[in-house]
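File shown: input.cif (mmCIF, C-alpha atoms and all ligand atoms).
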data_final
loop_
_atom_site.group_PDB
_atom_site.id
_atom_site.type_symbol
_atom_site.label_atom_id
_atom_site.label_comp_id
_atom_site.auth_asym_id
_atom_site.auth_seq_id
_atom_site.Cartn_x
_atom_site.Cartn_y
_atom_site.Cartn_z
ATOM 1 C CA MET A 19 -115.626 -138.077 1.575
ATOM 2 C CA GLY A 20 -115.982 -134.365 2.461
ATOM 3 C CA LYS A 21 -113.562 -132.791 4.879
ATOM 4 C CA LEU A 22 -113.938 -133.061 8.622
ATOM 5 C CA VAL A 23 -113.960 -129.722 10.430
ATOM 6 C CA LEU A 24 -113.399 -129.816 14.188
ATOM 7 C CA HIS A 25 -114.424 -126.721 16.129
ATOM 8 C CA ILE A 26 -112.494 -126.370 19.347
ATOM 9 C CA GLY A 27 -111.920 -123.925 22.201
ATOM 10 C CA ASN A 28 -108.648 -122.542 23.558
ATOM 11 C CA LYS A 29 -105.919 -125.132 23.552
ATOM 12 C CA ASN A 30 -104.717 -123.937 26.943
ATOM 13 C CA TYR A 31 -108.037 -124.668 28.638
ATOM 14 C CA SER A 32 -110.491 -126.670 26.548
ATOM 15 C CA SER A 33 -110.158 -130.178 27.893
ATOM 16 C CA TRP A 34 -113.187 -131.477 25.992
ATOM 17 C CA SER A 35 -111.820 -130.121 22.726
ATOM 18 C CA PHE A 36 -108.484 -131.757 23.433
ATOM 19 C CA ARG A 37 -109.984 -135.266 23.583
ATOM 20 C CA PRO A 38 -111.266 -135.725 20.018
ATOM 21 C CA TRP A 39 -108.463 -133.535 18.680
ATOM 22 C CA ILE A 40 -105.726 -135.765 20.088
ATOM 23 C CA ALA A 41 -107.653 -138.952 19.254
ATOM 24 C CA LEU A 42 -107.969 -137.990 15.579
ATOM 25 C CA LYS A 43 -104.394 -136.700 15.355
ATOM 26 C CA ALA A 44 -102.925 -139.811 16.957
ATOM 27 C CA ALA A 45 -104.968 -142.000 14.593
ATOM 28 C CA GLY A 46 -103.686 -140.053 11.582
ATOM 29 C CA ILE A 47 -107.168 -138.875 10.550
ATOM 30 C CA ALA A 48 -107.011 -135.626 8.590
ATOM 31 C CA PHE A 49 -109.248 -132.774 9.726
ATOM 32 C CA GLU A 50 -109.389 -129.019 9.621
ATOM 33 C CA GLU A 51 -109.539 -127.243 12.953
ATOM 34 C CA VAL A 52 -111.387 -124.038 13.758
ATOM 35 C CA LEU A 53 -110.480 -122.504 17.104
ATOM 36 C CA ILE A 54 -113.145 -120.318 18.699
ATOM 37 C CA PRO A 55 -111.653 -118.719 21.797
ATOM 38 C CA PHE A 56 -113.305 -118.374 25.194
ATOM 39 C CA ASP A 57 -112.698 -114.663 25.129
ATOM 40 C CA PHE A 58 -116.110 -113.424 26.222
ATOM 41 C CA PRO A 59 -117.208 -113.340 29.863
ATOM 42 C CA ALA A 60 -120.485 -115.119 29.077
ATOM 43 C CA GLY A 61 -119.085 -117.593 26.553
ATOM 44 C CA ASN A 62 -118.441 -116.951 22.908
ATOM 45 C CA PRO A 63 -121.730 -116.520 21.001
ATOM 46 C CA ARG A 64 -120.096 -118.288 18.055
ATOM 47 C CA PHE A 65 -120.248 -121.589 19.955
ATOM 48 C CA LYS A 66 -124.025 -121.580 19.376
ATOM 49 C CA GLU A 67 -123.478 -121.247 15.629
ATOM 50 C CA VAL A 68 -121.406 -124.410 15.448
ATOM 51 C CA SER A 69 -122.941 -126.570 18.158
ATOM 52 C CA PRO A 70 -126.532 -127.042 19.354
ATOM 53 C CA THR A 71 -125.357 -127.127 22.966
ATOM 54 C CA GLY A 72 -123.330 -123.939 22.602
ATOM 55 C CA ARG A 73 -120.307 -125.959 23.655
ATOM 56 C CA VAL A 74 -117.221 -127.191 21.901
ATOM 57 C CA PRO A 75 -115.967 -129.515 20.518
ATOM 58 C CA ALA A 76 -118.231 -129.862 17.516
ATOM 59 C CA LEU A 77 -117.445 -131.725 14.323
ATOM 60 C CA HIS A 78 -118.911 -130.699 10.962
ATOM 61 C CA HIS A 79 -118.831 -133.126 8.076
ATOM 62 C CA GLY A 80 -120.845 -131.802 5.168
ATOM 63 C CA ASP A 81 -124.376 -131.457 6.546
ATOM 64 C CA ILE A 82 -123.624 -133.655 9.507
ATOM 65 C CA ARG A 83 -123.047 -132.006 12.883
ATOM 66 C CA VAL A 84 -121.668 -134.040 15.772
ATOM 67 C CA TRP A 85 -121.225 -132.604 19.257
ATOM 68 C CA GLU A 86 -120.042 -134.260 22.485
ATOM 69 C CA SER A 87 -116.396 -135.331 22.504
ATOM 70 C CA LEU A 88 -117.021 -139.071 22.705
ATOM 71 C CA ALA A 89 -119.685 -139.006 19.975
ATOM 72 C CA ILE A 90 -117.172 -137.238 17.718
ATOM 73 C CA ILE A 91 -114.620 -139.976 18.356
ATOM 74 C CA GLU A 92 -117.253 -142.668 17.677
ATOM 75 C CA TYR A 93 -118.265 -140.964 14.425
ATOM 76 C CA ALA A 94 -114.635 -140.845 13.305
ATOM 77 C CA ALA A 95 -114.246 -144.529 14.242
ATOM 78 C CA ASP A 96 -117.286 -145.338 12.060
ATOM 79 C CA LEU A 97 -115.779 -143.422 9.145
ATOM 80 C CA PHE A 98 -112.292 -144.845 9.625
ATOM 81 C CA PRO A 99 -112.692 -148.332 11.114
ATOM 82 C CA ASP A 100 -109.063 -149.221 10.363
ATOM 83 C CA ALA A 101 -107.520 -146.147 11.974
ATOM 84 C CA GLY A 102 -107.177 -147.875 15.360
ATOM 85 C CA LEU A 103 -109.162 -145.339 17.348
ATOM 86 C CA TRP A 104 -110.409 -148.167 19.543
ATOM 87 C CA PRO A 105 -108.424 -151.298 20.494
ATOM 88 C CA GLU A 106 -108.757 -154.292 18.166
ATOM 89 C CA ALA A 107 -110.234 -157.013 20.404
ATOM 90 C CA ALA A 108 -113.955 -156.679 21.111
ATOM 91 C CA GLY A 109 -113.413 -157.175 24.853
ATOM 92 C CA ASP A 110 -110.769 -154.446 24.954
ATOM 93 C CA ARG A 111 -112.995 -152.146 22.909
ATOM 94 C CA ALA A 112 -115.817 -152.642 25.418
ATOM 95 C CA VAL A 113 -113.546 -151.788 28.350
ATOM 96 C CA ALA A 114 -112.033 -148.829 26.482
ATOM 97 C CA ARG A 115 -115.538 -147.461 25.955
ATOM 98 C CA ALA A 116 -116.469 -148.131 29.591
ATOM 99 C CA VAL A 117 -113.529 -146.177 30.999
ATOM 100 C CA SER A 118 -114.077 -143.426 28.410
ATOM 101 C CA MET A 119 -117.680 -143.155 29.595
ATOM 102 C CA GLU A 120 -116.471 -142.996 33.200
ATOM 103 C CA MET A 121 -114.348 -140.033 32.185
ATOM 104 C CA LEU A 122 -117.145 -138.356 30.250
ATOM 105 C CA ALA A 123 -119.686 -138.706 33.025
ATOM 106 C CA GLY A 124 -117.614 -138.606 36.177
ATOM 107 C CA PHE A 125 -114.623 -137.355 38.115
ATOM 108 C CA ARG A 126 -116.428 -134.103 38.714
ATOM 109 C CA ALA A 127 -114.516 -133.201 41.876
ATOM 110 C CA LEU A 128 -111.211 -133.366 40.013
ATOM 111 C CA ARG A 129 -112.590 -131.631 36.952
ATOM 112 C CA ASN A 130 -114.147 -128.789 38.922
ATOM 113 C CA ALA A 131 -111.289 -128.130 41.332
ATOM 114 C CA CYS A 132 -108.388 -128.716 38.961
ATOM 115 C CA PRO A 133 -109.088 -127.357 35.471
ATOM 116 C CA MET A 134 -106.783 -128.259 32.604
ATOM 117 C CA ASN A 135 -104.282 -125.489 32.034
ATOM 118 C CA MET A 136 -101.361 -126.193 29.747
ATOM 119 C CA ARG A 137 -99.298 -123.173 30.793
ATOM 120 C CA ARG A 138 -99.781 -123.255 34.571
ATOM 121 C CA PRO A 139 -96.530 -123.750 36.489
ATOM 122 C CA VAL A 140 -96.473 -126.948 38.578
ATOM 123 C CA GLY A 141 -97.696 -126.375 42.111
ATOM 124 C CA ARG A 142 -100.191 -127.725 44.614
ATOM 125 C CA LEU A 143 -103.548 -126.107 45.243
ATOM 126 C CA ASP A 144 -104.762 -125.296 48.707
ATOM 127 C CA LEU A 145 -108.183 -126.931 48.514
ATOM 128 C CA PRO A 146 -110.835 -127.076 51.247
ATOM 129 C CA ARG A 147 -110.959 -130.449 53.058
ATOM 130 C CA ASP A 148 -114.216 -131.698 51.525
ATOM 131 C CA VAL A 149 -113.057 -130.785 48.015
ATOM 132 C CA GLN A 150 -109.732 -132.506 48.675
ATOM 133 C CA ASP A 151 -111.516 -135.710 49.674
ATOM 134 C CA GLY A 152 -113.541 -135.770 46.457
ATOM 135 C CA VAL A 153 -110.457 -135.068 44.371
ATOM 136 C CA ALA A 154 -108.525 -137.840 46.161
ATOM 137 C CA GLU A 155 -111.331 -140.313 45.444
ATOM 138 C CA ASP A 156 -111.300 -139.421 41.744
ATOM 139 C CA ILE A 157 -107.511 -139.700 41.583
ATOM 140 C CA ALA A 158 -107.575 -143.125 43.237
ATOM 141 C CA ARG A 159 -110.131 -144.466 40.750
ATOM 142 C CA ILE A 160 -108.249 -143.069 37.746
ATOM 143 C CA GLU A 161 -104.939 -144.494 38.959
ATOM 144 C CA THR A 162 -106.608 -147.887 39.403
ATOM 145 C CA ILE A 163 -107.977 -147.777 35.848
ATOM 146 C CA TRP A 164 -104.592 -146.838 34.432
ATOM 147 C CA ARG A 165 -102.680 -149.409 36.511
ATOM 148 C CA GLU A 166 -104.996 -152.335 35.750
ATOM 149 C CA LEU A 167 -105.203 -151.638 32.030
ATOM 150 C CA ARG A 168 -101.460 -151.143 31.619
ATOM 151 C CA GLN A 169 -100.696 -154.272 33.657
ATOM 152 C CA LYS A 170 -102.954 -156.264 31.333
ATOM 153 C CA SER A 171 -101.818 -154.673 28.072
ATOM 154 C CA GLY A 172 -98.142 -154.208 28.912
ATOM 155 C CA GLY A 173 -98.363 -150.467 28.200
ATOM 156 C CA PRO A 174 -97.040 -147.921 27.640
ATOM 157 C CA PHE A 175 -100.596 -146.827 26.737
ATOM 158 C CA LEU A 176 -103.793 -148.150 28.290
ATOM 159 C CA PHE A 177 -104.338 -150.789 25.624
ATOM 160 C CA GLY A 178 -100.758 -151.489 24.664
ATOM 161 C CA ALA A 179 -98.343 -149.989 22.201
ATOM 162 C CA SER A 180 -100.841 -147.736 20.415
ATOM 163 C CA PHE A 181 -102.478 -144.593 21.713
ATOM 164 C CA THR A 182 -106.239 -145.154 21.509
ATOM 165 C CA ALA A 183 -109.393 -143.133 22.143
ATOM 166 C CA ALA A 184 -109.289 -144.223 25.805
ATOM 167 C CA ASP A 185 -105.905 -142.516 26.208
ATOM 168 C CA ALA A 186 -107.356 -139.470 24.446
ATOM 169 C CA MET A 187 -110.244 -139.293 26.907
ATOM 170 C CA PHE A 188 -107.769 -139.220 29.823
ATOM 171 C CA ALA A 189 -105.241 -136.875 28.182
ATOM 172 C CA PRO A 190 -106.447 -133.730 30.005
ATOM 173 C CA VAL A 191 -106.168 -135.643 33.306
ATOM 174 C CA VAL A 192 -102.474 -136.172 32.595
ATOM 175 C CA ASN A 193 -102.103 -132.391 32.506
ATOM 176 C CA ARG A 194 -104.134 -131.951 35.712
ATOM 177 C CA PHE A 195 -102.127 -134.579 37.598
ATOM 178 C CA GLU A 196 -98.928 -132.876 36.528
ATOM 179 C CA ILE A 197 -99.644 -129.183 37.054
ATOM 180 C CA TYR A 198 -101.356 -129.578 40.435
ATOM 181 C CA ASP A 199 -98.716 -132.106 41.571
ATOM 182 C CA LEU A 200 -101.383 -134.678 42.419
ATOM 183 C CA VAL A 201 -99.652 -138.034 42.025
ATOM 184 C CA THR A 202 -96.443 -139.803 43.006
ATOM 185 C CA ASP A 203 -96.981 -143.421 41.935
ATOM 186 C CA ALA A 204 -94.201 -144.550 39.572
ATOM 187 C CA GLY A 205 -96.591 -146.373 37.227
ATOM 188 C CA THR A 206 -98.876 -143.335 37.001
ATOM 189 C CA LEU A 207 -95.918 -141.071 36.279
ATOM 190 C CA ASP A 208 -94.656 -143.528 33.684
ATOM 191 C CA TYR A 209 -98.017 -143.463 31.887
ATOM 192 C CA MET A 210 -98.094 -139.667 32.032
ATOM 193 C CA ALA A 211 -94.613 -139.502 30.518
ATOM 194 C CA ALA A 212 -95.703 -141.768 27.641
ATOM 195 C CA VAL A 213 -98.749 -139.602 26.896
ATOM 196 C CA LYS A 214 -96.771 -136.356 27.131
ATOM 197 C CA ALA A 215 -94.135 -137.702 24.744
ATOM 198 C CA HIS A 216 -96.732 -138.477 22.066
ATOM 199 C CA PRO A 217 -96.249 -136.127 19.083
ATOM 200 C CA ALA A 218 -99.945 -135.197 19.100
ATOM 201 C CA TRP A 219 -99.709 -134.086 22.747
ATOM 202 C CA VAL A 220 -96.589 -132.055 21.978
ATOM 203 C CA GLU A 221 -98.301 -130.365 19.023
ATOM 204 C CA TRP A 222 -101.342 -129.361 21.117
ATOM 205 C CA ARG A 223 -99.234 -128.205 24.081
ATOM 206 C CA ASP A 224 -96.912 -126.125 21.940
ATOM 207 C CA ALA A 225 -99.880 -124.380 20.326
ATOM 208 C CA ALA A 226 -101.474 -123.853 23.765
ATOM 209 C CA LEU A 227 -98.334 -122.141 25.026
ATOM 210 C CA GLN A 228 -98.568 -119.639 22.197
ATOM 211 C CA GLU A 229 -102.035 -118.503 23.277
ATOM 212 C CA SER A 230 -102.450 -115.274 25.195
ATOM 213 C CA TRP A 231 -106.109 -115.491 26.278
ATOM 214 C CA ILE A 232 -106.660 -115.642 30.031
ATOM 215 C CA VAL A 233 -109.916 -117.163 31.235
ATOM 216 C CA PRO A 234 -110.305 -116.324 34.922
ATOM 217 C CA GLU A 235 -112.797 -119.117 35.641
ATOM 218 C CA ASP A 236 -110.305 -121.681 34.425
ATOM 219 C CA GLU A 237 -107.411 -120.340 36.475
ATOM 220 C CA ALA A 238 -107.509 -122.362 39.684
ATOM 221 C CA ASP A 239 -105.264 -119.834 41.438
ATOM 222 C CA ARG A 240 -107.441 -116.822 40.670
ATOM 223 C CA PRO A 241 -108.332 -114.462 43.480
ATOM 224 C CA ASN A 242 -111.928 -114.921 44.527
ATOM 225 C CA ASP A 243 -114.436 -112.234 45.395
ATOM 226 C CA SER A 244 -113.641 -112.365 49.096
ATOM 227 C CA VAL A 245 -110.011 -111.466 48.390
ATOM 228 C CA PRO A 246 -109.367 -107.791 47.696
ATOM 229 C CA LEU A 247 -108.155 -107.187 44.160
ATOM 230 C CA GLN A 248 -104.420 -107.167 43.989
ATOM 231 C CA LYS A 249 -103.389 -104.269 41.817
ATOM 232 C CA GLU A 250 -100.042 -104.470 40.190
ATOM 233 C CA SER A 251 -98.196 -102.123 37.996
ATOM 234 C CA ARG A 252 -97.977 -103.335 34.440
ATOM 235 C CA GLY A 253 -94.330 -102.329 34.486
ATOM 236 C CA ASP A 254 -93.589 -105.136 36.957
ATOM 237 C CA TRP A 255 -94.413 -107.777 34.403
ATOM 238 C CA SER A 256 -91.461 -108.977 32.449
ATOM 239 C CA LYS A 257 -93.551 -110.933 29.979
ATOM 240 C CA PRO A 258 -97.211 -110.403 30.718
ATOM 241 C CA GLN A 259 -99.862 -112.268 28.833
ATOM 242 C CA ARG A 260 -103.118 -110.494 29.347
ATOM 243 C CA ALA A 261 -106.671 -110.295 28.247
ATOM 244 C CA CYS A 262 -109.203 -107.598 28.957
ATOM 245 C CA ILE A 263 -111.979 -109.724 30.345
ATOM 246 C CA SER A 264 -113.999 -109.982 33.514
ATOM 247 C CA PRO A 265 -115.493 -112.993 35.239
ATOM 248 C CA PRO A 266 -119.270 -113.088 34.689
ATOM 249 C CA ASN A 267 -119.998 -112.433 38.362
ATOM 250 C CA TYR A 268 -118.090 -109.137 38.406
ATOM 251 C CA PRO A 269 -120.192 -106.009 38.118
ATOM 252 C CA ILE A 270 -119.455 -104.278 34.865
ATOM 253 C CA SER A 271 -118.031 -101.288 36.749
ATOM 254 C CA ARG A 272 -115.239 -103.548 37.958
ATOM 255 C CA ARG A 273 -113.920 -104.751 34.652
ATOM 256 C CA VAL A 274 -110.400 -105.927 35.140
ATOM 257 C CA GLU A 275 -107.475 -107.010 33.081
ATOM 258 C CA PHE A 276 -106.008 -110.290 34.167
ATOM 259 C CA GLY A 277 -102.519 -111.497 33.700
ATOM 260 C CA ILE A 278 -100.438 -114.483 34.463
ATOM 261 C CA ASN A 279 -96.751 -114.790 35.131
ATOM 262 C CA THR A 280 -94.520 -117.561 36.337
ATOM 263 C CA ALA A 281 -95.671 -116.971 39.899
ATOM 264 C CA GLY A 282 -99.283 -117.571 39.012
ATOM 265 C CA TYR A 283 -102.375 -115.560 38.463
ATOM 266 C CA HIS A 284 -102.856 -111.863 39.218
ATOM 267 C CA VAL A 285 -105.163 -109.021 38.497
ATOM 268 C CA LEU A 286 -103.192 -106.489 36.554
ATOM 269 C CA HIS A 287 -105.369 -103.511 36.357
ATOM 270 C CA GLU A 288 -108.861 -102.378 37.178
ATOM 271 C CA VAL A 289 -110.724 -100.645 34.374
ATOM 272 C CA GLU A 290 -113.339 -98.042 35.283
HETATM 273 N N1 LIG B 1 -119.843 -133.157 27.403
HETATM 274 C C1 LIG B 1 -119.306 -132.196 26.476
HETATM 275 C C2 LIG B 1 -118.677 -131.057 27.233
HETATM 276 C C3 LIG B 1 -118.385 -129.859 26.348
HETATM 277 C C4 LIG B 1 -117.949 -128.643 27.138
HETATM 278 O O1 LIG B 1 -118.321 -128.468 28.307
HETATM 279 N N2 LIG B 1 -117.157 -127.793 26.510
HETATM 280 C C5 LIG B 1 -116.717 -126.567 27.109
HETATM 281 C C6 LIG B 1 -115.265 -126.321 26.726
HETATM 282 S S1 LIG B 1 -114.126 -127.481 27.376
HETATM 283 C C7 LIG B 1 -117.489 -125.384 26.554
HETATM 284 O O2 LIG B 1 -117.787 -125.359 25.379
HETATM 285 N N3 LIG B 1 -117.778 -124.385 27.376
HETATM 286 C C8 LIG B 1 -118.383 -123.189 26.886
HETATM 287 C C9 LIG B 1 -119.539 -122.758 27.704
HETATM 288 O O3 LIG B 1 -119.930 -123.509 28.604
HETATM 289 O O4 LIG B 1 -120.029 -121.650 27.416
HETATM 290 C C10 LIG B 1 -118.308 -132.918 25.551
HETATM 291 O O5 LIG B 1 -117.862 -133.994 25.922
HETATM 292 O O6 LIG B 1 -118.011 -132.423 24.449
#

Show the structure stored in the file as structure tokens.
Ligand SMILES: N[C@@H](CCC(=O)N[C@@H](CS)C(=O)NCC(=O)O)C(=O)O
Amino acid sequence: MGKLVLHIGNKNYSSWSFRPWIALKAAGIAFEEVLIPFDFPAGNPRFKEVSPTGRVPALHHGDIRVWESLAIIEYAADLFPDAGLWPEAAGDRAVARAVSMEMLAGFRALRNACPMNMRRPVGRLDLPRDVQDGVAEDIARIETIWRELRQKSGGPFLFGASFTAADAMFAPVVNRFEIYDLVTDAGTLDYMAAVKAHPAWVEWRDAALQESWIVPEDEADRPNDSVPLQKESRGDWSKPQRACISPPNYPISRRVEFGINTAGYHVLHEVE
């Protein structure tokens, strides 16, 4: 069997890349990873070379190209039926696929307002009321899924002792719940702790923390256009991580360097 090559985006931000990556890792399936960073304002043109949608993740296996996170997981499960990507019992497998599909197709309010961000310090967002309501609805449904499945399986993961593809599909939500301080339920926090302790999670997170790219659109705390740019002296930054990029909606004459520090997100410098 030829090697599997998984093309992914930044580990700090790319929630869809994270899903098949952690599913394959946790199942012990060997693959090579190619990281293509989101370091261009209008998306990286290399995404189009590896994926027909111009989006990552994308899996290459010889001549075969598979895009869409869940399709990648299904392809791997076809290749490695004994790897335990899905739960063993047919009924459990059906439910695992159903909740994975819910994740793939839904929870848009949460996904839009609260992007995955492995290095963001924990802190609540000040969201407009209508956005908050949508996010709260998504959180309630996800907590119900997690609670019911773990009650039935005995946990610590959704389908019992092993981390499955369903856990992988929700892994980025664990990060969102944590960094935006969205949940307090003991069972939810217990599930999050189990996922975060998984060696595959730790490996991804540690690599994410080494990255220096800043993607303004994925920084929930970014200043928006109605807020005047906050200029800061570079000297004030004890350990700045910065990238010379501009959001796509900024006129080219207002190219800016962005930076992030423990207090959050700031514009460092405006480039003429
Ligand atoms: N439904 C797709 C979503 C893929 C997706 O939106 N990927 C993002 C990264 S997390 C992307 O490639 N964005 C680049 C762009 O939109 O230019 C999947 O499940 O794989």

Where is the centre and how long are the edges: axis-aligned box on ligand LIG 1 (chain B), 3 Å on each side, Å to one decimal, as JSON:
{"center_x": -117.1, "center_y": -127.8, "center_z": 26.5, "size_x": 11.9, "size_y": 18.3, "size_z": 10.2}

- [ ] List all protein, DNA and RNA residues that have an atom no more than 9 Å from any atom of ligand LIG 1 (chain B), counting only C-alpha atoms and all ligand atoms, and report them as number ranges by chain.
- [x] A: 26-28, 31-38, 56, 60-63, 65-66, 69, 71-76, 85-90, 122-123

Open item on the list: When you count only C-alpha atoms, which of these residues is closest to Asp110 in chain A: A:Thr206, A:Arg168, A:Met19, A:Ile197?
Closed with: A:Arg168

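Between CA of Ala44 in chain A and CA of Trp222 in chain A there is a distance of 11.4 Å.
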
Open item on the list: Just the number, please: distance in Å from CA of Leu103 in chain A to CA of Ser171 in chain A, one decimal.
Closed with: 16.0 Å

Open item on the list: Between A:Ala127, A:Ala116, A:Leu24, A:Leu53, which residue has the minimum interatomic distance to Ala94 in chain A, considering only C-alpha atoms?
Closed with: A:Leu24

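Nearest to Glu50 in chain A of all the residues A:Ala226, A:Leu22, A:Met210, A:Val68 is A:Leu22, counting all atoms listed in the file.
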
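With CA of Arg223 in chain A on one side and CA of Trp39 in chain A on the other, the separation reads 11.9 Å.
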
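Neighbours of Trp104 in chain A closer than or equal to 10 Å, with only C-alpha atoms counted and sequence neighbours fewer than 3 positions away skipped, come out as A:Ala41, A:Ala45, A:Ile91, A:Glu92, A:Ala95, A:Pro99, A:Asp100, A:Ala101, A:Ala107, A:Ala108, A:Asp110, A:Arg111, A:Ala112, A:Ala114, A:Arg115, A:Phe177, A:Ser180, A:Phe181, A:Thr182, A:Ala183, A:Ala184, A:Asp185.
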
Rows by chain and residue number, range 42-142 of chain A within 8 Å of range 231-241 of chain A, shortest pair, all atoms listed in the file, as a tab-separated table:
residue	atom	partner	partner_atom	distance
A:Pro55	CA	A:Trp231	CA	7.8
A:Phe56	CA	A:Val233	CA	7.0
A:Asp57	CA	A:Trp231	CA	6.7
A:Ala131	CA	A:Ala238	CA	7.1
A:Cys132	CA	A:Ala238	CA	6.5
A:Pro133	CA	A:Asp236	CA	5.9
A:Met134	CA	A:Asp236	CA	7.7
A:Asn135	CA	A:Glu237	CA	7.5

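Each of A:Val113, A:Asp148, A:Ala204, A:Gly102 was compared to Lys43 in chain A using all atoms listed in the file, and A:Gly102 turns out to be the nearest.
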
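In terms of minimum interatomic distance to Met119 in chain A, A:Met187 ranks closest within A:Ile54, A:Arg64, A:His25, A:Met187, counting only C-alpha atoms.
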
TODO: Mind checking which residues fall within 9 Å of Lys21 in chain A, counting only C-alpha atoms, ignoring those fewer than 4 positions away in the same chain, and posting them as a ChimeraX atom specification?
DONE: /A:48-50,78-80

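Distances to Ile160 in chain A were evaluated for A:Phe125, A:Pro146, A:Asn193, A:Val140 using all atoms listed in the file, and the minimum falls at A:Phe125.
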
Open item on the list: With the PyMOL selection byres (((chain A and resi 156) around 10) and not hetatm) as the selection, what would be picked from this file? Answer as a PyMOL selection string, please.
Closed with: chain A and resi 124-129+150-155+157-162
